[in-house]
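Printed here is structure_13.cif (mmCIF, C-alpha atoms):
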data_structure
#
loop_
_atom_site.label_atom_id
_atom_site.label_comp_id
_atom_site.auth_asym_id
_atom_site.auth_seq_id
_atom_site.Cartn_x
_atom_site.Cartn_y
_atom_site.Cartn_z
CA MET A 1 22.09 -1.99 4.62
CA LEU A 2 20.53 -3.68 1.59
CA SER A 3 23.75 -3.73 -0.40
CA ARG A 4 26.00 -5.14 2.27
CA LYS A 5 27.73 -8.36 1.39
CA VAL A 6 26.58 -11.20 3.62
CA VAL A 7 29.23 -12.10 6.17
CA ILE A 8 30.10 -15.79 6.03
CA GLY A 9 30.92 -17.63 9.22
CA LEU A 10 30.12 -16.86 12.82
CA GLY A 11 32.23 -15.91 15.81
CA VAL A 12 31.01 -15.29 19.31
CA CYS A 13 32.58 -13.31 22.12
CA VAL A 14 31.61 -11.64 25.33
CA VAL A 15 32.74 -8.02 25.11
CA ALA A 16 34.84 -7.16 28.14
CA ALA A 17 34.67 -3.78 29.79
CA SER A 18 38.19 -3.20 28.51
CA LEU A 19 38.89 -2.98 24.80
CA ALA A 20 42.16 -4.84 25.33
CA GLY A 21 40.94 -8.25 24.33
CA CYS A 22 38.14 -10.74 23.89
CA ALA A 23 37.94 -14.50 24.41
CA ALA A 24 35.77 -16.58 22.14
CA ALA A 25 32.84 -18.20 23.93
CA PRO A 26 31.84 -21.81 23.17
CA ARG A 27 29.14 -22.27 20.57
CA LYS A 28 26.80 -24.57 22.43
CA GLY A 29 23.19 -24.36 23.44
CA SER A 30 20.16 -23.44 21.38
CA SER A 31 19.47 -20.03 19.90
CA GLY A 32 16.66 -19.67 22.42
CA GLU A 33 19.18 -19.82 25.25
CA ARG A 34 21.01 -16.90 23.65
CA ARG A 35 18.01 -14.74 22.86
CA MET A 36 18.54 -11.54 24.78
CA HIS A 37 15.87 -9.69 26.77
CA TYR A 38 15.74 -6.02 27.76
CA GLN A 39 13.19 -4.14 29.87
CA VAL A 40 12.22 -0.66 28.70
CA ASN A 41 11.16 1.77 31.41
CA ARG A 42 8.42 4.33 31.01
CA LEU A 43 9.68 7.92 31.19
CA GLN A 44 7.96 10.21 33.65
CA GLU A 45 8.32 13.31 31.47
CA PRO A 46 9.58 14.27 28.00
CA ILE A 47 13.34 14.49 27.67
CA VAL A 48 15.59 16.78 25.69
CA ILE A 49 17.24 14.99 22.76
CA ASP A 50 20.86 16.13 23.06
CA ALA A 51 22.98 12.94 22.88
CA ASN A 52 23.91 13.33 26.56
CA TRP A 53 24.45 9.83 27.93
CA ASP A 54 24.92 11.22 31.45
CA LYS A 55 21.69 13.18 31.88
CA PRO A 56 19.61 12.07 34.89
CA VAL A 57 17.02 10.00 33.01
CA TRP A 58 19.73 7.87 31.38
CA ARG A 59 21.86 7.59 34.52
CA GLU A 60 18.90 5.77 36.07
CA THR A 61 18.45 3.42 33.09
CA LYS A 62 20.22 0.08 32.75
CA PRO A 63 22.07 -0.31 29.41
CA LEU A 64 22.16 -3.26 27.09
CA GLU A 65 25.56 -4.19 25.67
CA LEU A 66 26.56 -5.80 22.39
CA GLY A 67 28.38 -9.00 23.30
CA TYR A 68 28.72 -11.02 20.07
CA TYR A 69 30.58 -10.54 16.83
CA VAL A 70 29.94 -12.09 13.42
CA GLY A 71 32.51 -13.21 10.92
CA LYS A 72 36.19 -13.22 11.85
CA GLN A 73 37.06 -11.89 15.30
CA PRO A 74 37.81 -8.20 14.71
CA GLU A 75 41.11 -6.58 15.62
CA HIS A 76 39.17 -3.65 17.07
CA MET A 77 36.25 -4.35 19.42
CA PRO A 78 34.45 -1.17 20.44
CA LYS A 79 32.40 -1.20 23.61
CA VAL A 80 28.82 -0.57 22.49
CA GLN A 81 25.87 0.14 24.79
CA ALA A 82 22.32 1.37 24.24
CA LYS A 83 19.48 2.48 26.50
CA LEU A 84 15.77 2.71 25.70
CA GLY A 85 12.78 4.47 27.22
CA TYR A 86 9.22 5.24 26.16
CA ASP A 87 6.18 7.42 26.76
CA ASP A 88 2.65 7.39 25.33
CA GLU A 89 3.76 8.45 21.85
CA HIS A 90 7.48 7.72 21.46
CA VAL A 91 10.33 5.30 21.88
CA TYR A 92 13.64 6.89 22.90
CA VAL A 93 17.02 5.37 22.07
CA ILE A 94 20.52 6.49 23.02
CA TRP A 95 23.77 4.81 22.01
CA ARG A 96 27.26 5.15 23.49
CA VAL A 97 30.24 3.74 21.61
CA VAL A 98 33.76 3.65 23.05
CA ASP A 99 35.52 3.42 19.73
CA ARG A 100 38.51 4.05 17.47
CA TYR A 101 38.88 4.37 13.68
CA VAL A 102 35.67 6.40 13.54
CA LYS A 103 34.29 7.63 10.22
CA ALA A 104 31.09 9.13 8.75
CA VAL A 105 30.96 9.81 5.01
CA ALA A 106 27.23 9.39 4.28
CA THR A 107 25.46 12.69 4.97
CA GLU A 108 22.11 12.12 3.20
CA ASN A 109 19.39 10.00 4.79
CA GLN A 110 18.84 6.59 3.15
CA GLY A 111 22.48 6.57 2.07
CA PRO A 112 24.95 3.72 2.85
CA VAL A 113 25.50 4.62 6.51
CA TYR A 114 26.50 1.02 7.32
CA LYS A 115 29.81 1.66 5.56
CA ASP A 116 30.57 4.21 8.29
CA SER A 117 30.82 3.89 12.08
CA CYS A 118 27.19 2.91 12.52
CA ALA A 119 24.78 1.75 15.25
CA GLU A 120 21.64 -0.10 14.17
CA PHE A 121 18.26 -0.86 15.76
CA PHE A 122 16.29 -3.60 13.99
CA PHE A 123 12.84 -4.26 15.43
CA THR A 124 9.34 -5.63 14.93
CA PRO A 125 6.70 -3.67 16.90
CA ASP A 126 5.08 -6.95 17.88
CA ALA A 127 5.92 -10.15 19.74
CA GLU A 128 6.18 -12.06 16.44
CA VAL A 129 8.39 -11.35 13.44
CA ASP A 130 6.29 -12.79 10.61
CA GLY A 131 4.75 -9.44 9.67
CA GLY A 132 8.03 -7.69 8.86
CA TYR A 133 10.61 -5.54 10.59
CA PHE A 134 12.15 -2.06 10.59
CA ASN A 135 15.88 -1.43 10.27
CA LEU A 136 16.94 1.94 11.64
CA GLU A 137 20.64 2.38 10.95
CA MET A 138 22.46 5.57 11.98
CA ASN A 139 26.08 6.60 11.59
CA CYS A 140 28.01 8.55 14.20
CA GLY A 141 27.10 11.80 12.41
CA GLY A 142 23.34 11.26 12.85
CA THR A 143 22.55 10.30 9.25
CA MET A 144 20.14 7.37 8.97
CA LEU A 145 18.98 4.60 6.71
CA PHE A 146 15.44 3.65 7.78
CA HIS A 147 13.58 0.87 5.95
CA PHE A 148 10.71 -1.56 6.48
CA ALA A 149 10.85 -5.10 5.07
CA VAL A 150 8.53 -8.08 5.05
CA VAL A 151 11.02 -10.18 3.11
CA PRO A 152 14.56 -9.77 4.50
CA ARG A 153 16.75 -7.47 2.39
CA GLN A 154 13.82 -6.48 0.18
CA GLY A 155 12.72 -3.48 2.22
CA SER A 156 11.32 -0.12 1.23
CA PRO A 157 12.55 3.23 2.57
CA ILE A 158 10.56 5.12 5.18
CA ASP A 159 9.22 8.34 3.64
CA ALA A 160 11.30 11.47 4.14
CA ALA A 161 8.25 13.20 5.66
CA ASP A 162 8.08 10.51 8.34
CA ILE A 163 11.81 10.67 9.05
CA ALA A 164 11.41 14.42 9.50
CA LYS A 165 9.11 13.71 12.47
CA MET A 166 12.01 12.13 14.34
CA GLU A 167 14.37 14.17 16.51
CA VAL A 168 18.05 13.21 16.37
CA ALA A 169 21.16 14.40 18.22
CA HIS A 170 24.79 13.32 17.83
CA SER A 171 28.02 14.17 19.62
CA LEU A 172 30.27 14.17 16.54
CA PRO A 173 30.03 16.34 13.41
CA LYS A 174 27.74 15.19 10.62
CA ARG A 175 30.75 14.31 8.47
CA VAL A 176 33.79 12.64 10.00
CA ASP A 177 36.46 12.29 7.33
CA PRO A 178 39.33 11.59 7.51
CA GLU A 179 38.87 8.78 9.96
CA ILE A 180 39.56 9.48 13.64
CA GLU A 181 42.16 6.86 14.59
CA LYS A 182 42.58 7.78 18.25
CA PRO A 183 40.24 6.50 20.98
CA THR A 184 36.92 8.34 20.64
CA THR A 185 33.64 7.99 22.49
CA TRP A 186 30.56 9.01 20.54
CA THR A 187 26.84 9.09 21.24
CA ILE A 188 23.68 9.33 19.17
CA GLU A 189 20.15 9.77 20.51
CA TYR A 190 16.75 9.84 18.84
CA ARG A 191 13.05 10.09 19.60
CA LEU A 192 10.95 7.80 17.38
CA PRO A 193 7.22 8.57 17.09
CA VAL A 194 5.30 5.30 17.25
CA SER A 195 2.60 6.84 15.02
CA ILE A 196 4.80 6.67 11.91
CA LEU A 197 5.26 2.91 12.27
CA SER A 198 1.61 1.99 11.71
CA LYS A 199 1.75 3.34 8.16
CA TYR A 200 4.09 0.48 7.29
CA TYR A 201 3.10 -2.10 9.91
CA PRO A 202 -0.65 -1.87 10.65
CA GLY A 203 -0.45 -4.29 13.59
CA VAL A 204 1.86 -2.13 15.73
CA LYS A 205 1.65 -3.01 19.42
CA LYS A 206 1.85 0.41 21.03
CA PRO A 207 4.31 0.51 23.94
CA ALA A 208 2.58 -0.06 27.28
CA PRO A 209 3.33 -2.13 30.39
CA GLY A 210 3.61 -5.79 29.39
CA VAL A 211 3.89 -5.20 25.64
CA VAL A 212 6.75 -7.09 23.98
CA TRP A 213 8.58 -6.26 20.76
CA ARG A 214 11.24 -8.31 18.98
CA ALA A 215 14.54 -6.55 18.29
CA ASN A 216 18.26 -6.72 17.77
CA PHE A 217 20.99 -4.11 18.06
CA TYR A 218 24.08 -3.99 15.89
CA LYS A 219 27.31 -2.06 15.42
CA CYS A 220 29.21 -2.07 12.14
CA ALA A 221 31.88 -0.16 10.26
CA ASP A 222 32.06 -1.82 6.87
CA LEU A 223 34.43 0.53 5.06
CA THR A 224 36.50 1.89 7.92
CA SER A 225 40.10 0.78 8.38
CA HIS A 226 38.99 -1.69 11.07
CA PRO A 227 35.63 -3.20 10.02
CA HIS A 228 33.56 -5.21 12.49
CA TRP A 229 30.02 -6.53 12.91
CA LEU A 230 28.74 -6.74 16.48
CA THR A 231 25.36 -7.90 17.78
CA TRP A 232 23.30 -7.88 20.96
CA SER A 233 21.26 -11.05 20.42
CA TYR A 234 23.07 -14.07 19.01
CA LEU A 235 22.68 -14.66 15.27
CA ASP A 236 21.92 -18.35 14.88
CA SER A 237 22.61 -18.78 11.18
CA PRO A 238 25.36 -20.51 9.17
CA ARG A 239 25.19 -17.60 6.72
CA THR A 240 25.30 -14.69 9.08
CA ASP A 241 23.28 -11.62 8.19
CA PHE A 242 21.87 -8.75 10.25
CA HIS A 243 18.57 -9.18 8.39
CA THR A 244 17.68 -12.29 10.41
CA PRO A 245 14.44 -11.59 12.32
CA LYS A 246 14.26 -15.11 13.74
CA SER A 247 17.33 -14.26 15.83
CA PHE A 248 15.88 -11.06 17.29
CA GLY A 249 15.76 -10.84 21.06
CA THR A 250 12.89 -9.29 23.01
CA ILE A 251 12.30 -5.88 24.51
CA GLU A 252 9.55 -5.61 27.11
CA PHE A 253 7.90 -2.34 28.07
CA ARG A 254 7.33 -1.83 31.79
#

Please lay out the structure from this file as structure tokens.
Amino acid sequence: MLSRKVVIGLGVCVVAASLAGCAAAPRKGSSGERRMHYQVNRLQEPIVIDANWDKPVWRETKPLELGYYVGKQPEHMPKVQAKLGYDDEHVYVIWRVVDRYVKAVATENQGPVYKDSCAEFFFTPDAEVDGGYFNLEMNCGGTMLFHFAVVPRQGSPIDAADIAKMEVAHSLPKRVDPEIEKPTTWTIEYRLPVSILSKYYPGVKKPAPGVVWRANFYKCADLTSHPHWLTWSYLDSPRTDFHTPKSFGTIEFR
């Protein structure tokens, strides 16, 4: 997402269960009051990566939901949820997006997936954000942009050999073009080996009960017919930008 134009202005809304509408919430209170928190459960056994939101392990897991938007209030507000789990060696992430105007043109990793219907996991594998952060952006076809940055928007790509160690599944075809205008629900799921993170961030706090990471979750669709920029944790910045680690929420491993 390094080439994305910065979105000026900030809107806030609580995403309703229905896609019919959204009322703007008042902008009051400190950013700390709006920093989101999510608890990540330990998985009892390895799971199959198949993009199935309804398999037993995920049915038992509470989702997080993206409840803020940035920029002008979008005409189309997809309902976006994610669930996380972990074991000794991996973090697991699954996304479910109740959407319309769905598109995926980028088919090569490290391409501009943020222009497509895209779900993004930004995180620091630590309780502090000063040491840098990862941005793992994936379009609805399972193609990813995966970078590490110490200085926001000046990141370096994760090596292809490391990306190859991830397992990814997606419910839609790799390429979705022309755009699907009708209501469409799509899922993506991936298994992220924690071992590849330490190559870029030597101070990785390996997931274990009580360990806290900083993170935010985003949904965008820059070059679809109905662009939008949604967030989980509130972006407290007059010049709104996904690359804002200070606004990351927290995820706590249990």

**OP:** Could you give me, as a PyMOL selection string, the residues within 12 Å of Ala149 (chain A), counting only C-alpha atoms and dropping anything in the same chain fewer than 5 positions from it?
**Re:** chain A and resi 1-2+122-124+129-136+154-158+200-201+243-245

**OP:** Could you give me, as a PyMOL selection string, the residues within 8 Å of Val40 (chain A), counting all atoms listed in the file and dropping anything in the same chain fewer than 3 positions from it?
**Re:** chain A and resi 84-86+251-254

**OP:** Between A:Asp159, A:Asp126, A:Glu137, A:Glu167, single out the one closest to Val212 (chain A), counting all atoms listed in the file.
**Re:** A:Asp126

Edge lengths and centre in Å to one decimal, as AutoDock Vina command-line options, of the axis-aligned box that encloses all listed atoms of region 81-97 of chain A with 3 Å added on every side?
--center_x 16.4 --center_y 4.3 --center_z 24.3 --size_x 33.6 --size_y 14.3 --size_z 11.8

**OP:** Work out how far CA of Met138 (chain A) is from CA of Glu108 (chain A), in Å to one decimal.
**Re:** 11.0 Å

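You will find CA of Phe148 (chain A) at 28.2 Å from CA of Thr61 (chain A).
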
Please evaluate the PyMOL selection byres ((chain A and resi 174) around 12) against the displayed coordinates and give the resulting residues as a PDB file with C-alpha atoms, in the frame of the given file.
ATOM      1  CA  LYS A 103      34.290   7.630  10.220  1.00  0.00           C
ATOM      2  CA  ALA A 104      31.090   9.130   8.750  1.00  0.00           C
ATOM      3  CA  VAL A 105      30.960   9.810   5.010  1.00  0.00           C
ATOM      4  CA  ALA A 106      27.230   9.390   4.280  1.00  0.00           C
ATOM      5  CA  THR A 107      25.460  12.690   4.970  1.00  0.00           C
ATOM      6  CA  GLU A 108      22.110  12.120   3.200  1.00  0.00           C
ATOM      7  CA  ASN A 109      19.390  10.000   4.790  1.00  0.00           C
ATOM      8  CA  VAL A 113      25.500   4.620   6.510  1.00  0.00           C
ATOM      9  CA  ASP A 116      30.570   4.210   8.290  1.00  0.00           C
ATOM     10  CA  SER A 117      30.820   3.890  12.080  1.00  0.00           C
ATOM     11  CA  MET A 138      22.460   5.570  11.980  1.00  0.00           C
ATOM     12  CA  ASN A 139      26.080   6.600  11.590  1.00  0.00           C
ATOM     13  CA  CYS A 140      28.010   8.550  14.200  1.00  0.00           C
ATOM     14  CA  GLY A 141      27.100  11.800  12.410  1.00  0.00           C
ATOM     15  CA  GLY A 142      23.340  11.260  12.850  1.00  0.00           C
ATOM     16  CA  THR A 143      22.550  10.300   9.250  1.00  0.00           C
ATOM     17  CA  MET A 144      20.140   7.370   8.970  1.00  0.00           C
ATOM     18  CA  VAL A 168      18.050  13.210  16.370  1.00  0.00           C
ATOM     19  CA  ALA A 169      21.160  14.400  18.220  1.00  0.00           C
ATOM     20  CA  HIS A 170      24.790  13.320  17.830  1.00  0.00           C
ATOM     21  CA  SER A 171      28.020  14.170  19.620  1.00  0.00           C
ATOM     22  CA  LEU A 172      30.270  14.170  16.540  1.00  0.00           C
ATOM     23  CA  PRO A 173      30.030  16.340  13.410  1.00  0.00           C
ATOM     24  CA  ARG A 175      30.750  14.310   8.470  1.00  0.00           C
ATOM     25  CA  VAL A 176      33.790  12.640  10.000  1.00  0.00           C
ATOM     26  CA  ASP A 177      36.460  12.290   7.330  1.00  0.00           C
ATOM     27  CA  ILE A 188      23.680   9.330  19.170  1.00  0.00           C
TER      28      ILE A 188
END

Original post:
Quick one, how far is CA of Ile180 (chain A) from CA of Lys115 (chain A)?
Top reply: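 Separating CA of Ile180 (chain A) from CA of Lys115 (chain A) is a distance of 14.9 Å.
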
Subject >> From A:Arg35, A:Lys165, A:His228, A:Lys55, residue lying nearest Gly71 (chain A) [all atoms listed in the file] >> reply: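 Checking each of A:Arg35, A:Lys165, A:His228, A:Lys55 against Gly71 (chain A), counting all atoms listed in the file, the winner is A:His228.
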
Original post:
If you count only C-alpha atoms, which residues fall within 10 Å of Asp162 (chain A), apart from same-chain ones fewer than 4 positions away, as a list in words?
Top reply: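 Close residues of Asp162 (chain A): Ile158, Met166, Leu192, Pro193, Ser195, Ile196, Leu197 and Lys199 of chain A.
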
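Ranking A:Trp213, A:Phe242, A:Tyr68, A:Tyr234 by their shortest atom-to-atom distance to Ala127 (chain A), with only C-alpha atoms included, puts A:Trp213 first.
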
Original post:
Could you pull the residues within 8 Å of Leu64 (chain A), counting only C-alpha atoms, minus those fewer than 3 positions along the same chain, as a list in words?
Top reply: Tyr38, Gln81, Ala82, Lys83 and Trp232 of chain A

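Here, the PyMOL selection byres ((chain A and resi 216) around 6) matches Phe122, Ala215, Phe217, Ser233, Phe248 and Gly249 of chain A.
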
Subject >> Shortest interatomic distance to Pro207 (chain A) - which of A:Glu179, A:Glu89, A:Glu65, A:Asp99, counting only C-alpha atoms >> reply: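 Result for the nearest residue to Pro207 (chain A): A:Glu89.
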
**OP:** Let me know the residues the PyMOL selection byres ((chain A and resi 181) around 8) catches in the file above, as a list in words.
**Re:** Arg100, Tyr101, Val102, Glu179, Ile180, Lys182 and Pro183 of chain A

May I have the selected residues written with C-alpha atoms, as a PDB file, keeping the file's coordinate frame?
ATOM      1  CA  ARG A 100      38.510   4.050  17.470  1.00  0.00           C
ATOM      2  CA  TYR A 101      38.880   4.370  13.680  1.00  0.00           C
ATOM      3  CA  VAL A 102      35.670   6.400  13.540  1.00  0.00           C
ATOM      4  CA  GLU A 179      38.870   8.780   9.960  1.00  0.00           C
ATOM      5  CA  ILE A 180      39.560   9.480  13.640  1.00  0.00           C
ATOM      6  CA  LYS A 182      42.580   7.780  18.250  1.00  0.00           C
ATOM      7  CA  PRO A 183      40.240   6.500  20.980  1.00  0.00           C
TER       8      PRO A 183
END

**OP:** Tell me which of A:Val211, A:Ala221, A:Cys118, A:Ala160 sits closest to Gln39 (chain A), counting all atoms listed in the file.
**Re:**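 Looking at the shortest contact to Gln39 (chain A), the residue is A:Val211.
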
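For the choices A:Ile163, A:Pro46, A:Pro152, A:Val91, the atom-to-atom distance to Arg191 (chain A) is smallest for A:Val91 when using only C-alpha atoms.
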
**OP:** Extract, using all atoms listed in the file, all DNA, RNA and protein residues at most 10 Å from Val98 (chain A), discarding same-chain residues fewer than 4 positions from it, and format them as a PyMOL selection string.
**Re:** chain A and resi 18-19+77-81+183-187
